[in-house]
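Text of the file upload24.txt, holding compact mmCIF, C-alpha atoms:
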```txt
# COMPACT_ATOMS: atom_id res chain seq x y z
CA MET A 11 105.79 79.71 117.24
CA THR A 12 108.38 81.72 115.39
CA GLU A 13 107.07 84.09 112.80
CA VAL A 14 109.39 85.22 110.04
CA PHE A 15 108.55 88.33 108.03
CA VAL A 16 109.27 88.11 104.34
CA ASN A 17 110.04 91.50 102.81
CA MET A 18 109.57 92.62 99.26
CA GLY A 19 111.95 90.64 97.02
CA GLU A 20 112.81 88.07 99.71
CA ILE A 21 112.40 84.31 99.89
CA SER A 22 112.15 82.54 103.26
CA SER A 23 111.59 78.95 104.24
CA ALA A 24 110.75 76.77 107.24
CA LYS A 25 110.43 73.11 108.01
CA ASN A 26 107.95 71.34 110.36
CA HIS A 27 106.72 74.46 112.12
CA GLY A 28 106.81 78.25 112.09
CA ILE A 29 104.87 80.98 110.37
CA LEU A 30 106.02 82.81 107.27
CA THR A 31 104.32 86.18 106.93
CA THR A 32 104.32 88.91 104.39
CA VAL A 33 102.69 92.23 105.11
CA GLY A 34 101.48 94.82 102.69
CA LEU A 35 101.08 92.98 99.42
CA GLY A 36 99.81 95.49 96.88
CA SER A 37 100.72 94.84 93.27
CA CYS A 38 103.35 92.39 94.53
CA ILE A 39 102.43 88.75 94.74
CA GLY A 40 102.99 86.45 97.68
CA VAL A 41 103.68 82.86 96.67
CA THR A 42 103.90 79.82 98.93
CA LEU A 43 105.18 76.36 98.05
CA TYR A 44 104.40 73.46 100.34
CA ASP A 45 105.20 69.77 100.55
CA HIS A 46 102.69 68.23 102.99
CA LYS A 47 104.62 65.02 103.46
CA VAL A 48 107.83 66.53 104.77
CA LYS A 49 106.23 69.81 105.97
CA VAL A 50 108.53 72.04 104.01
CA GLY A 51 107.30 75.54 103.23
CA VAL A 52 108.79 78.37 101.18
CA MET A 53 107.39 81.86 100.79
CA GLY A 54 108.36 84.52 98.27
CA HIS A 55 107.27 88.15 97.96
CA ILE A 56 107.64 88.93 94.25
CA PHE A 57 107.86 92.54 93.06
CA LEU A 58 107.75 92.45 89.24
CA PRO A 59 107.22 89.74 86.60
CA ARG A 60 110.48 89.77 84.64
CA SER A 61 114.10 90.38 85.58
CA ARG A 62 115.97 92.99 83.63
CA SER A 63 119.51 93.46 82.39
CA ASN A 64 119.97 96.81 84.14
CA ASP A 65 119.34 95.26 87.54
CA GLN A 66 122.28 92.92 88.04
CA GLY A 67 122.68 91.72 91.58
CA ALA A 68 118.95 91.91 92.36
CA PRO A 69 117.81 89.29 94.87
CA PRO A 70 116.26 86.37 92.93
CA GLY A 71 112.97 86.78 94.79
CA LYS A 72 112.44 90.22 93.33
CA TYR A 73 111.25 88.94 89.95
CA ALA A 74 108.90 86.06 89.13
CA ASP A 75 111.17 84.54 86.46
CA THR A 76 114.10 84.22 88.88
CA GLY A 77 112.05 83.87 92.07
CA ILE A 78 109.95 80.82 91.22
CA PRO A 79 112.98 78.64 90.29
CA ALA A 80 114.83 79.89 93.39
CA MET A 81 111.84 78.99 95.58
CA ILE A 82 111.67 75.50 94.09
CA GLN A 83 115.41 75.04 94.70
CA GLU A 84 114.98 76.12 98.29
CA ALA A 85 112.13 73.65 98.83
CA LEU A 86 114.19 70.81 97.34
CA ARG A 87 117.18 71.78 99.48
CA LEU A 88 115.01 71.28 102.58
CA GLY A 89 113.96 67.82 101.41
CA ALA A 90 110.74 68.53 99.52
CA SER A 91 109.85 66.55 96.41
CA LYS A 92 109.01 68.66 93.37
CA SER A 93 106.13 66.35 92.46
CA ARG A 94 104.44 67.01 95.82
CA LEU A 95 104.81 70.80 95.81
CA GLN A 96 101.62 72.81 95.85
CA ALA A 97 101.37 76.56 95.48
CA LYS A 98 99.13 79.27 96.90
CA LEU A 99 99.01 82.90 95.77
CA ALA A 100 97.90 86.20 97.27
CA GLY A 101 98.23 89.77 96.04
CA GLY A 102 98.60 91.09 92.51
CA ALA A 103 96.14 93.90 93.21
CA ASN A 104 95.85 97.25 91.49
CA LEU A 105 95.63 99.89 94.20
CA PHE A 106 95.44 102.77 91.76
CA PRO A 107 92.94 101.54 89.16
CA ASN A 108 92.29 104.99 87.68
CA LEU A 109 96.00 105.43 86.91
CA SER A 110 96.60 103.36 83.85
CA LEU A 111 100.38 103.05 83.86
CA ASN A 112 100.19 100.06 81.58
CA THR A 113 97.34 98.51 79.69
CA ILE A 114 97.68 95.51 81.98
CA SER A 115 98.32 96.41 85.61
CA ILE A 116 101.54 95.29 87.25
CA GLY A 117 99.47 93.19 89.64
CA GLN A 118 97.87 91.32 86.72
CA GLN A 119 101.26 90.88 85.06
CA ASN A 120 102.60 89.40 88.28
CA ILE A 121 99.67 86.97 88.56
CA GLN A 122 100.11 85.88 84.94
CA ALA A 123 103.86 85.43 85.20
CA VAL A 124 103.71 83.41 88.42
CA THR A 125 100.84 81.25 87.14
CA GLU A 126 102.68 80.49 83.90
CA LEU A 127 105.94 79.64 85.65
CA LEU A 128 104.25 77.35 88.17
CA THR A 129 102.39 75.62 85.33
CA GLN A 130 105.65 75.13 83.42
CA HIS A 131 107.13 73.48 86.50
CA GLY A 132 104.05 71.30 86.95
CA ILE A 133 103.19 72.78 90.34
CA PRO A 134 99.44 73.05 90.96
CA ILE A 135 97.95 76.23 92.41
CA VAL A 136 95.64 74.93 95.13
CA GLY A 137 94.48 78.25 96.53
CA GLN A 138 94.54 81.90 95.67
CA ASP A 139 93.21 85.28 96.67
CA VAL A 140 94.46 87.64 94.00
CA ALA A 141 93.67 90.79 91.97
CA GLY A 142 91.13 93.39 93.07
CA ASN A 143 92.04 96.84 94.35
CA HIS A 144 93.12 96.20 97.94
CA GLY A 145 96.27 95.32 99.84
CA ARG A 146 96.74 92.02 101.65
CA LYS A 147 98.64 90.35 104.46
CA MET A 148 99.52 86.69 103.95
CA ARG A 149 100.41 84.21 106.72
CA PHE A 150 101.63 80.70 105.97
CA PHE A 151 101.49 78.06 108.71
CA VAL A 152 104.22 75.58 107.91
CA ASP A 153 102.97 72.86 110.29
CA ASN A 154 99.87 72.26 108.15
CA GLY A 155 100.23 74.36 104.99
CA VAL A 156 97.30 76.63 105.80
CA VAL A 157 97.49 80.16 104.40
CA THR A 158 95.37 83.00 105.72
CA VAL A 159 94.88 86.28 103.90
CA THR A 160 93.68 89.42 105.63
CA ALA A 161 92.77 92.80 104.18
CA ILE A 162 91.55 96.07 105.66
CA GLY A 163 87.79 96.01 106.19
CA LYS A 164 87.35 92.44 104.94
CA GLU A 165 86.84 89.09 106.60
CA PRO A 166 90.03 87.01 106.72
CA VAL A 167 90.06 84.20 104.18
CA GLN A 168 91.77 80.85 104.32
CA ILE A 169 93.19 79.54 101.07
CA MET B 30 126.79 107.84 98.47
CA ASN B 31 127.13 111.30 97.04
CA GLU B 32 126.70 113.93 99.80
CA GLN B 33 126.47 116.77 97.31
CA LYS B 34 123.65 115.05 95.49
CA LEU B 35 121.77 114.43 98.71
CA ASP B 36 122.16 118.07 99.76
CA PHE B 37 120.79 119.12 96.43
CA LEU B 38 117.86 116.72 96.77
CA ARG B 39 117.06 118.11 100.21
CA GLU B 40 117.10 121.59 98.80
CA LEU B 41 114.63 120.57 96.10
CA ALA B 42 112.43 118.96 98.71
CA VAL B 43 112.34 122.12 100.83
CA ILE B 44 111.35 124.23 97.83
CA GLY B 45 108.77 121.80 96.50
CA THR B 46 107.20 120.88 99.82
CA GLY B 47 107.23 124.52 100.90
CA HIS B 48 105.04 125.41 97.95
CA ALA B 49 102.86 122.33 98.40
CA THR B 50 102.10 123.17 102.02
CA ILE B 51 101.36 126.81 101.16
CA ALA B 52 98.74 125.48 98.74
CA LEU B 53 97.42 123.18 101.46
CA SER B 54 97.34 126.04 103.92
CA GLN B 55 95.24 128.11 101.50
CA MET B 56 92.71 125.29 101.27
CA LEU B 57 92.57 124.93 105.04
CA GLN B 58 91.75 128.43 106.19
CA GLY B 59 95.33 129.53 106.54
CA ARG B 60 96.63 126.84 108.88
CA MET B 61 100.37 127.06 109.19
CA PHE B 62 102.53 124.04 108.54
CA LYS B 63 105.87 123.09 109.88
CA LEU B 64 108.28 121.20 107.64
CA VAL B 65 110.56 118.65 109.15
CA VAL B 66 114.02 118.73 107.57
CA PRO B 67 113.61 116.67 104.45
CA ASP B 68 115.11 113.33 104.10
CA ALA B 69 116.83 112.50 100.85
CA GLN B 70 118.16 109.04 100.29
CA MET B 71 119.41 106.73 97.65
CA LEU B 72 117.96 103.53 98.96
CA PRO B 73 118.99 100.08 97.85
CA PHE B 74 115.93 98.11 96.75
CA THR B 75 116.24 95.73 99.69
CA GLU B 76 115.83 98.60 102.16
CA ALA B 77 113.08 100.38 100.28
CA ALA B 78 110.23 98.31 101.77
CA ASP B 79 111.10 99.26 105.34
CA TYR B 80 111.59 102.91 104.54
CA MET B 81 107.97 103.85 105.23
CA GLY B 82 107.68 101.86 108.44
CA GLY B 83 104.39 100.77 110.04
CA LEU B 84 103.56 98.52 107.11
CA GLU B 85 100.16 97.49 108.48
CA GLN B 86 99.06 100.98 109.43
CA VAL B 87 96.25 102.30 107.25
CA VAL B 88 97.26 105.28 105.17
CA VAL B 89 95.82 107.35 102.40
CA GLY B 90 98.13 107.39 99.42
CA ILE B 91 97.94 109.67 96.42
CA PHE B 92 100.08 108.66 93.50
CA VAL B 93 100.91 110.67 90.40
CA VAL B 94 102.95 109.96 87.28
CA ILE B 95 105.08 112.88 86.07
CA SER B 96 105.69 113.43 82.39
CA GLY B 97 107.34 116.15 80.34
CA ASP B 98 111.02 117.09 80.40
CA VAL B 99 111.36 115.34 83.73
CA ARG B 100 109.70 111.99 84.24
CA GLY B 101 109.12 110.31 87.52
CA TYR B 102 106.56 109.73 90.24
CA MET B 103 105.19 111.63 93.17
CA ALA B 104 103.19 110.45 96.11
CA CYS B 105 101.55 111.98 99.19
CA LEU B 106 100.95 109.69 102.15
CA HIS B 107 98.81 110.60 105.12
CA PRO B 108 97.92 108.57 108.20
CA LEU B 109 94.19 107.76 108.33
CA ASP B 110 93.53 110.18 111.22
CA THR B 111 94.97 113.04 109.21
CA ALA B 112 92.95 112.03 106.18
CA ARG B 113 89.71 112.00 108.23
CA LEU B 114 90.51 115.45 109.62
CA LEU B 115 91.33 116.78 106.16
CA VAL B 116 88.03 115.44 104.82
CA ARG B 117 86.18 117.12 107.67
CA LEU B 118 87.93 120.45 107.08
CA LEU B 119 87.36 120.30 103.34
CA THR B 120 83.78 119.02 103.21
CA GLY B 121 82.33 119.65 106.67
CA GLN B 122 81.50 115.95 106.93
CA GLU B 123 81.89 114.28 110.32
CA THR B 124 82.32 110.63 109.47
CA GLU B 125 84.59 107.73 110.31
CA GLU B 126 84.24 106.28 106.83
CA ILE B 127 85.81 108.14 103.95
CA ASP B 128 83.11 108.02 101.27
CA GLU B 129 83.21 109.01 97.60
CA LEU B 130 83.00 112.72 98.37
CA GLY B 131 85.82 112.39 100.89
CA ARG B 132 87.92 110.46 98.43
CA SER B 133 87.51 113.05 95.72
CA ALA B 134 88.32 115.84 98.21
CA LEU B 135 91.54 114.05 99.17
CA GLN B 136 92.36 113.39 95.56
CA GLU B 137 91.90 117.05 94.72
CA LEU B 138 94.03 118.07 97.68
CA GLY B 139 96.77 115.69 96.58
CA ASN B 140 96.51 117.06 93.08
CA ILE B 141 96.96 120.63 94.29
CA MET B 142 99.92 119.75 96.51
CA VAL B 143 101.69 117.78 93.81
CA THR B 144 101.03 120.44 91.20
CA SER B 145 102.39 123.17 93.50
CA PHE B 146 105.48 121.09 94.21
CA LEU B 147 106.15 120.49 90.53
CA ASN B 148 105.33 124.06 89.47
CA ALA B 149 107.89 125.38 91.91
CA LEU B 150 110.57 123.10 90.46
CA SER B 151 109.45 123.79 86.89
CA LYS B 152 109.73 127.55 87.38
CA MET B 153 113.23 127.31 88.76
CA THR B 154 114.51 124.93 86.12
CA ASN B 155 112.48 125.80 83.03
CA LEU B 156 111.80 122.10 82.70
CA LEU B 157 108.28 120.90 82.10
CA MET B 158 106.89 118.54 84.74
CA MET B 159 103.28 117.55 84.33
CA PRO B 160 101.37 115.47 86.85
CA SER B 161 98.84 112.86 85.71
CA VAL B 162 95.38 112.58 87.20
CA PRO B 163 96.08 111.35 90.74
CA GLY B 164 95.36 107.82 91.87
CA LEU B 165 94.08 107.36 95.42
CA ALA B 166 94.32 104.34 97.70
CA ILE B 167 93.27 103.86 101.31
CA ASP B 168 95.06 100.76 102.48
CA MET B 169 97.93 99.22 104.45
CA ALA B 170 101.01 101.45 104.21
CA GLY B 171 103.09 98.52 102.98
CA ALA B 172 100.72 97.72 100.12
CA VAL B 173 100.45 101.36 99.06
CA TRP B 174 104.20 101.94 99.21
CA GLU B 175 105.20 98.81 97.33
CA SER B 176 102.60 99.53 94.65
CA ILE B 177 104.20 102.96 94.22
CA LEU B 178 107.68 101.40 93.96
CA ALA B 179 106.41 98.78 91.51
CA GLY B 180 104.68 101.48 89.46
CA ALA B 181 108.06 103.23 89.30
CA GLU B 182 109.66 99.87 88.36
CA VAL B 183 112.48 100.49 90.80
CA THR B 184 115.65 98.62 89.92
CA ASN B 185 118.66 98.36 92.22
CA GLU B 186 118.37 101.76 93.81
CA VAL B 187 115.70 104.36 94.29
CA THR B 188 116.20 108.06 94.92
CA VAL B 189 113.60 109.14 97.42
CA ILE B 190 112.95 112.62 98.67
CA ARG B 191 110.57 112.66 101.57
CA THR B 192 109.40 115.63 103.56
CA LYS B 193 107.25 115.41 106.59
CA PHE B 194 104.94 118.25 107.49
CA SER B 195 102.60 118.89 110.37
CA ALA B 196 100.25 121.61 111.57
CA GLU B 197 100.67 123.26 114.92
CA GLY B 198 98.40 121.74 117.55
CA GLU B 199 96.53 119.55 115.08
CA GLU B 200 96.81 116.02 113.89
CA ILE B 201 97.73 116.91 110.36
CA GLU B 202 100.78 115.20 109.05
CA GLY B 203 101.97 113.66 105.88
CA HIS B 204 104.80 112.80 103.60
CA ILE B 205 105.49 114.11 100.15
CA ILE B 206 107.62 111.77 98.12
CA PHE B 207 109.37 112.52 94.84
CA LEU B 208 110.86 109.67 92.81
CA PRO B 209 112.57 111.26 89.82
CA ASP B 210 113.80 109.21 86.92
CA GLU B 211 117.60 109.01 87.33
CA ASP B 212 118.52 110.52 83.96
CA ASP B 213 115.97 113.28 84.22
CA PHE B 214 117.15 114.08 87.71
CA ARG B 215 120.49 115.03 86.17
CA LYS B 216 118.66 117.49 83.93
CA ILE B 217 117.34 119.27 87.01
CA ALA B 218 120.80 119.32 88.55
CA ARG B 219 122.30 120.80 85.37
CA GLN B 220 119.80 123.65 85.48
CA PHE B 221 121.24 124.51 88.87
CA GLY B 222 124.76 124.44 87.47
CA LEU B 223 125.59 121.11 89.07
CA GLU B 224 127.08 119.02 86.33
CA ASN B 225 128.37 115.96 88.03
CA LEU B 226 125.67 114.81 90.36
CA GLY B 227 124.86 111.14 90.68
```
As structure tokens, how would this structure be written, given the file I've shared?
Amino acid sequence: MTEVFVNMGEISSAKNHGILTTVGLGSCIGVTLYDHKVKVGVMGHIFLPRSRSNDQGAPPGKYADTGIPAMIQEALRLGASKSRLQAKLAGGANLFPNLSLNTISIGQQNIQAVTELLTQHGIPIVGQDVAGNHGRKMRFFVDNGVVTVTAIGKEPVQI
Amino acid sequence: MNEQKLDFLRELAVIGTGHATIALSQMLQGRMFKLVVPDAQMLPFTEAADYMGGLEQVVVGIFVVISGDVRGYMACLHPLDTARLLVRLLTGQETEEIDELGRSALQELGNIMVTSFLNALSKMTNLLMMPSVPGLAIDMAGAVWESILAGAEVTNEVTVIRTKFSAEGEEIEGHIIFLPDEDDFRKIARQFGLENLG
């Protein structure tokens, strides 16, 4: 089965089969959208919560506020129905908890932003493995919508 | 891409990393380190993720926020084998697992290296550069690196100075990374009489 690696800031999609994988989620958040009926899957690897004016030309998947709509568009383009889309999340960790860069860690901000945007679009979050202080690898099996999350020194989890 | 700027960045990296490895050498019974010619790049965001390579490899990352006249970020990344060896040399512990004592030894070592790097630049430029208390993570290289980039809130391009160092005949290697704030980087350049960099 083909496995596509989704880098930081990217959005990738597949239909019927294939694996979408993102490696090394730290404070970034991996988001999957899936329509079970038509087996359409989209994965995004979101870097920061909000796009900014001094970053014109950034790929839409870099920021949650541009990435989530772009992911929905991509799912619809492949024949998914918005009302059937379900989301899963992984990541949003804080790897350097003793370094308080912000009062709320970037990981937490990413989780909040993505959750709010999905809620606004009426897309339920049906599984998540987020926050904490460790990195994650996320694999999304487009034939059945299963997502597995692995981390160093932890048992893999299925969400 | 501005060749002159990159040359200047490499020069800074040699000076900073030179001092950092001297400090490391003093902590490790005088081991001598070899510096690989530093790599200075202005990376587009889309290429930044791949820059570290081996995204699933476990590394020890030390991350510091710089404040003062020059703001920015610094990081030291070591492969896990190096980190284990460093812990053994610093604490005398022979363990596979890096425990609390090992973590604080690595954190202290990172602190000393980063401070030496910044002190060297501060002295030459008369610009204050103060490191924060270091953060330490032992995790997948990809997760550590992207958390550093996100902490720096990288926009369309990131200036990265990376120097690799290794010890003769031993598995000690690492990267020192300096991510200066763009505007403050110009301040450093001006102190060296370079007005029009970047």
Handout entry: Non-local contacts of Ser93 of chain A (10 Å; only C-alpha atoms; under 3 positions in same chain excluded) as a PyMOL selection string
Key = chain A and resi 45+90+96+131-134
Can you tell me, as an mmCIF file with C-alpha atoms, keeping the file's coordinate frame, what residues are no more than 12 Å from Arg87 of chain A when counting only C-alpha atoms, ignoring any on the same chain fewer than 5 positions away?
```cif
data_model
loop_
_atom_site.group_PDB
_atom_site.id
_atom_site.type_symbol
_atom_site.label_atom_id
_atom_site.label_comp_id
_atom_site.auth_asym_id
_atom_site.auth_seq_id
_atom_site.Cartn_x
_atom_site.Cartn_y
_atom_site.Cartn_z
ATOM 1 C CA SER A 23 111.590 78.950 104.240
ATOM 2 C CA ALA A 24 110.750 76.770 107.240
ATOM 3 C CA LYS A 25 110.430 73.110 108.010
ATOM 4 C CA VAL A 48 107.830 66.530 104.770
ATOM 5 C CA VAL A 50 108.530 72.040 104.010
ATOM 6 C CA GLY A 51 107.300 75.540 103.230
ATOM 7 C CA VAL A 52 108.790 78.370 101.180
ATOM 8 C CA ALA A 80 114.830 79.890 93.390
ATOM 9 C CA MET A 81 111.840 78.990 95.580
ATOM 10 C CA ILE A 82 111.670 75.500 94.090
ATOM 11 C CA LYS A 92 109.010 68.660 93.370
#
```
Exercise for the section: Starting from chain A, keep only residues with some atom at most 8 Å from an atom of chain B, counting only C-alpha atoms, and report them as a ChimeraX atom specification. Expected result: /A:17-19,33-38,57-58,64-68,104-109,111,116,144-146,162
Would you compute an axis-aligned box for segment 196-208 of chain B, covering every atom listed for it in the file with 3 Å of margin on each side, and report centre and edge lengths in Å to one decimal as AutoDock Vina command-line options?
```
--center_x 103.7 --center_y 116.5 --center_z 105.2 --size_x 20.3 --size_y 19.6 --size_z 30.7
```
Problem - Distance of atom CA of Ala85 of chain A from atom CA of Leu30 of chain A, expressed in Å to one decimal place - result: 13.9 Å
May I have the residues within 8 Å of Val14 of chain A as an mmCIF file with C-alpha atoms, keeping the file's coordinate frame, using only C-alpha atoms and disregarding those fewer than 3 positions away in the same chain?
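Final output, out_29.cif:
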```
data_model
loop_
_atom_site.group_PDB
_atom_site.id
_atom_site.type_symbol
_atom_site.label_atom_id
_atom_site.label_comp_id
_atom_site.auth_asym_id
_atom_site.auth_seq_id
_atom_site.Cartn_x
_atom_site.Cartn_y
_atom_site.Cartn_z
ATOM 1 C CA SER A 22 112.150 82.540 103.260
ATOM 2 C CA GLY A 28 106.810 78.250 112.090
ATOM 3 C CA ILE A 29 104.870 80.980 110.370
ATOM 4 C CA LEU A 30 106.020 82.810 107.270
ATOM 5 C CA THR A 31 104.320 86.180 106.930
#
```
Practice task
Please determine the residues with any atom at most 9 Å from (109.8, 113.9, 78.1) (coordinates as given in the file, with only C-alpha atoms counting) and report them as JSON, numbers by chain.
Solution key: {"B": [96, 97, 98, 99, 100, 157, 158, 213]}
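Atom CA of Ala100 of chain A lies 29.2 Å from atom CA of Arg113 of chain B.
If you look at atom CA of Cys105 of chain B and atom CA of Gly203 of chain B, they are 6.9 Å away from each other.
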Exercise for the section: For Gly71 of chain A, please output as a PyMOL selection string all residues within 6 Å (counting all atoms listed in the file; exclusion window: fewer than 3 positions along the same chain). Expected result: chain A and resi 19-21+56+77
